[in-house]
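Notes follow the structure.
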2 protein chains.
Amino acid sequence: MKKLLIASTSTVHGKGYLEYILPELSNLFFGIKEILFIPYARPSGLSHEAYTEKAKAAFEKINIKVKGIHEFNNPIDAINNAKGIFTGGGNTFLLVKQLYDTKVISAIKNVVENGIPYFGTSAGSNITGLTIQNTNDMPIIYPPSFNVFGFINFNINPHYLDPDPTSTHMGETRETRINEFHTLNKIPVLGLREGSWISVKGNSVVLKGALDARLFQQGKPAKELPPDTDLSFLM
Amino acid sequence: MKKLLIASTSTVHGKGYLEYILPELSNLFFGIKEILFIPYARPSGLSHEAYTEKAKAAFEKINIKVKGIHEFNNPIDAINNAKGIFTGGGNTFLLVKQLYDTKVISAIKNVVENGIPYFGTSAGSNITGLTIQNTNDMPIIYPPSFNVFGFINFNINPHYLDPDPTSTHMGETRETRINEFHTLNKIPVLGLREGSWISVKGNSVVLKGALDARLFQQGKPAKELPPDTDLSFLM
């Protein structure tokens with residue numbers, strides 16, 4: 001049974017790294033002593049080592065060990081032997097480029113489809129959708145494709161941000177950008193506000209956290225979905 | 001002699017489309033009766049026709065006619081016969097995909113290098129740099145490359161936005177995103193605030209408008225540049 005926790009953000013304002021989501025992670029990784037961390041998205045250019053240390057420190061609080069994929073000689077073996085996987089946020093383009101270059105993309109897809117629990121934040125959540133076309137990141141590197149895992153049958157816009165009605169800035173709002181996407185693409189997009197996540201357990205796909213999420217579908221007005229909405233109608 | 005006007009935005013708050021920049025456009029296109037408009041970036045999914053109408057209405061005020069590239073049977077001929085070129089803003093990925101698909105990219109490069117005046121706003125400015133890797137846009141379509149004209153020897157971040165010190169949002173600031181770019185790339189990036197533009201005349205490259213621009217270079221602290229700064233040191 002597929003088990004995923006797809007989070008908008010690693011960190012909510014005023015709390016430590018992963019702090020708000022630790023109880024959920026205890027459930028997702030129940031009975032698992034060590035998980036594999038994918039640090040490829042390198043937020044602010046952080047090294048694989050430093051990023052993995054950060055993940056280690058957070059998971060220590062729930063007694064789970066963390067090993068970075070860069071610590072293994074063979075990253076595909078590392079995935080095939082993993083009991084749980086966490087992909088951290090950072091730059092989505094860099095993450096996807098690395099997933100393709102290291103050829104781990106199909107290995108991850110395979111183990112997660114077969115029940116290895118997966119946790120993603122931000123860029124690590126973008127890649128659980130069908131494509132990375134709703135990332136907020138700058139295209140700092142050219143990936144071989146925008147197609148990713150498709151564990152869910154829609155795309156994620158993490159860190160979803162409502163328009164600021166007082167703004168005089170003429171750049172596009174997040175909603176305008178997603179609507180532009182829908183002039184060319186049919187894939188539904190879920191705008192996940194910081195502090196929201198999606199819980200996937202087999203065929204059950206549910207919006208979690210205290211906030212509404214905003215659903216964008218081609219040719220339909222955007223819709224606010226309350227917490228605990230069953231999202232399986234999108235699958 | 002190369003002549004370009006590379007603007008951060010088409011529209012500043014409280015003014016009409018292109019209104020703030022019309023006097024400059026009268027100079028750039030001095031003596032020219034008709035220019036060619038490239039509507040490929042399609043802001044908000046606007047049709048080529050509707051977008052061209054918008055450009056026409058603005059340029060009418062300075063007695064310049066506008067024809068959209070889609071109105072010609074052969075877009076490459078249209079470029080080779082153009083007396084001036086304006087590329088409007090919208091989605092940079094879509095713009096670049098269309099420039100490659102229609103094969104006009106080398107034709108535009110050639111005529112502009114040979115002195116046909118070029119005006120770009122937002123996405124139309126992003127493509128004057130070396131790559132589109134500092135666009136703010138969503139990757140709504142996969143382009144065959146991120147490489148573009150390189151009329152200037154650096155990249156543009158249009159609609160440059162300063163961090164909001166009161167924000168509790170955990171998504172990356174614009175500065176963080178550009179710094180992430182510099183963990184992988186050497187190309188300097190100029191953050192152009194709305195209302196700023198770059199004037200290129202042969203070897204002269206000057207920051208114009210009332211606002212400072214923010215220059216990002218790999219391995220150096222970001223720097224505020226005042227209006228009228230000579231940018232030729234970046235070339």
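Please note that chains go A, B, ... in the order of the structure tokens, that every chain numbers its residues from 1, and that ligands are numbered from 1 in the order shown.
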Report as a Markdown table: every residue of chain B with an atom at most 6 Å from chain A, its closest pair of atoms, and their distance in Å to one decimal, counting only C-alpha atoms, with rows sorted by chain and ascending residue number.
| residue | atom | partner | partner_atom | distance |
| --- | --- | --- | --- | --- |
| B:His13 | CA | A:Thr168 | CA | 5.7 |
| B:Ser44 | CA | A:Glu180 | CA | 5.1 |
| B:Gly45 | CA | A:Thr183 | CA | 5.6 |
| B:Gln133 | CA | A:Pro139 | CA | 4.9 |
| B:Pro139 | CA | A:Gln133 | CA | 4.9 |
| B:Ile140 | CA | A:Phe181 | CA | 5.0 |
| B:His159 | CA | A:Gly171 | CA | 6.0 |
| B:Thr168 | CA | A:His13 | CA | 5.7 |
| B:Gly171 | CA | A:His159 | CA | 6.0 |
| B:Glu180 | CA | A:Ser44 | CA | 5.1 |
| B:Phe181 | CA | A:Ile140 | CA | 5.0 |
| B:Thr183 | CA | A:Gly45 | CA | 5.6 |
Keeping N, CA and C atoms, export the residues of the selection given above as a PDB file, in the first residue's frame.
ATOM      1  N   HIS B  13       2.577  50.622 -11.544  1.00  0.00           N
ATOM      2  CA  HIS B  13       1.345  50.792 -10.781  1.00  0.00           C
ATOM      3  C   HIS B  13       0.700  52.155 -11.034  1.00  0.00           C
ATOM      4  N   SER B  44      -1.398  35.655 -19.134  1.00  0.00           N
ATOM      5  CA  SER B  44      -2.738  35.145 -18.777  1.00  0.00           C
ATOM      6  C   SER B  44      -3.387  34.382 -19.923  1.00  0.00           C
ATOM      7  N   GLY B  45      -2.588  33.832 -20.828  1.00  0.00           N
ATOM      8  CA  GLY B  45      -3.132  33.033 -21.919  1.00  0.00           C
ATOM      9  C   GLY B  45      -3.786  33.846 -23.027  1.00  0.00           C
ATOM     10  N   GLN B 133      17.376  31.668 -16.899  1.00  0.00           N
ATOM     11  CA  GLN B 133      17.405  31.015 -15.584  1.00  0.00           C
ATOM     12  C   GLN B 133      17.056  31.936 -14.420  1.00  0.00           C
ATOM     13  N   PRO B 139       7.249  27.144 -14.915  1.00  0.00           N
ATOM     14  CA  PRO B 139       7.649  26.391 -16.119  1.00  0.00           C
ATOM     15  C   PRO B 139       6.456  25.659 -16.737  1.00  0.00           C
ATOM     16  N   ILE B 140       5.532  26.417 -17.310  1.00  0.00           N
ATOM     17  CA  ILE B 140       4.265  25.828 -17.771  1.00  0.00           C
ATOM     18  C   ILE B 140       4.439  24.999 -19.035  1.00  0.00           C
ATOM     19  N   HIS B 159      10.952  42.600 -12.639  1.00  0.00           N
ATOM     20  CA  HIS B 159      10.024  42.746 -11.489  1.00  0.00           C
ATOM     21  C   HIS B 159      10.768  42.449 -10.181  1.00  0.00           C
ATOM     22  N   THR B 168       5.814  36.346   7.200  1.00  0.00           N
ATOM     23  CA  THR B 168       6.008  35.094   7.941  1.00  0.00           C
ATOM     24  C   THR B 168       6.033  33.903   6.978  1.00  0.00           C
ATOM     25  N   GLY B 171       8.597  30.572   2.067  1.00  0.00           N
ATOM     26  CA  GLY B 171       9.143  30.400   0.717  1.00  0.00           C
ATOM     27  C   GLY B 171      10.349  31.312   0.531  1.00  0.00           C
ATOM     28  N   GLU B 180      20.895  31.098  -4.965  1.00  0.00           N
ATOM     29  CA  GLU B 180      20.914  29.658  -5.312  1.00  0.00           C
ATOM     30  C   GLU B 180      21.432  29.466  -6.739  1.00  0.00           C
ATOM     31  N   PHE B 181      20.998  30.349  -7.634  1.00  0.00           N
ATOM     32  CA  PHE B 181      21.500  30.308  -9.018  1.00  0.00           C
ATOM     33  C   PHE B 181      23.023  30.407  -9.030  1.00  0.00           C
ATOM     34  N   THR B 183      25.111  29.448  -6.816  1.00  0.00           N
ATOM     35  CA  THR B 183      25.846  28.276  -6.326  1.00  0.00           C
ATOM     36  C   THR B 183      26.226  27.364  -7.498  1.00  0.00           C
TER      37      THR B 183
END
I'd like to know which residues of stretch 45-129 of chain B are strand (DSSP E or B) (by DSSP, run on the backbone); could you write them as a ChimeraX atom specification? /B:65-68,85-87,118-121
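Among A:Met235, A:Val205, A:Asn81, A:Ser199, the residue with the shortest atom-to-atom distance to A:Asn153, counting only C-alpha atoms, is A:Met235.
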List the neighbours of B:His48 out to 8 Å using only C-alpha atoms; skip same-chain residues closer than 4 positions along the sequence, and give me the result as a list of chain:residue names.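 Close residues of B:His48: B:Pro39, B:Tyr40, B:Arg42, B:Thr52, B:Gly68, B:His70.
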Please, could you write that set of residues out with N, CA, C and O atoms as a PDB file, in the first residue's frame?
ATOM      1  N   PRO B  39       4.127  38.306 -29.801  1.00  0.00           N
ATOM      2  CA  PRO B  39       3.171  38.107 -28.701  1.00  0.00           C
ATOM      3  C   PRO B  39       3.249  36.733 -28.064  1.00  0.00           C
ATOM      4  O   PRO B  39       2.346  36.341 -27.317  1.00  0.00           O
ATOM      5  N   TYR B  40       4.329  35.981 -28.351  1.00  0.00           N
ATOM      6  CA  TYR B  40       4.392  34.564 -27.985  1.00  0.00           C
ATOM      7  C   TYR B  40       4.281  34.278 -26.478  1.00  0.00           C
ATOM      8  O   TYR B  40       3.922  33.168 -26.088  1.00  0.00           O
ATOM      9  N   ARG B  42       2.222  35.446 -24.312  1.00  0.00           N
ATOM     10  CA  ARG B  42       0.793  35.327 -23.969  1.00  0.00           C
ATOM     11  C   ARG B  42       0.458  35.455 -22.480  1.00  0.00           C
ATOM     12  O   ARG B  42       0.010  34.479 -21.845  1.00  0.00           O
ATOM     13  N   THR B  52      -1.654  41.572 -29.434  1.00  0.00           N
ATOM     14  CA  THR B  52      -1.157  42.524 -30.435  1.00  0.00           C
ATOM     15  C   THR B  52      -2.026  43.791 -30.450  1.00  0.00           C
ATOM     16  O   THR B  52      -1.493  44.909 -30.579  1.00  0.00           O
ATOM     17  N   GLY B  68       1.658  42.053 -35.613  1.00  0.00           N
ATOM     18  CA  GLY B  68       2.041  40.843 -34.876  1.00  0.00           C
ATOM     19  C   GLY B  68       2.722  39.856 -35.798  1.00  0.00           C
ATOM     20  O   GLY B  68       2.353  39.738 -36.970  1.00  0.00           O
ATOM     21  N   HIS B  70       2.452  36.777 -35.893  1.00  0.00           N
ATOM     22  CA  HIS B  70       1.507  35.730 -36.305  1.00  0.00           C
ATOM     23  C   HIS B  70       0.695  36.162 -37.544  1.00  0.00           C
ATOM     24  O   HIS B  70       0.034  35.334 -38.150  1.00  0.00           O
TER      25      HIS B  70
END
One decimal place gives the atom CA of B:Thr87-atom CA of B:Asp162 separation as 25.7 Å
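If you look at atom CA of B:Gly120 and atom CA of B:Pro75, they are 18.1 Å away from each other.
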What's the 12 Å shell around B:Phe233, counting only C-alpha atoms, without same-chain residues fewer than 3 positions away, as an MDAnalysis selection string? chainID B and resid 152:154 188 203:206 229:230
Could you state the separation of atom CA of B:Leu231 and atom CA of B:Phe37 in Å, given to one decimal place?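 Separation between atom CA of B:Leu231 and atom CA of B:Phe37: 27.1 Å.
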Contacts of B:Val148 at 8 Å (only C-alpha atoms; same-chain gap of 2+ positions) as an MDAnalysis selection string: chainID B and resid 96 105 127:132 146 150
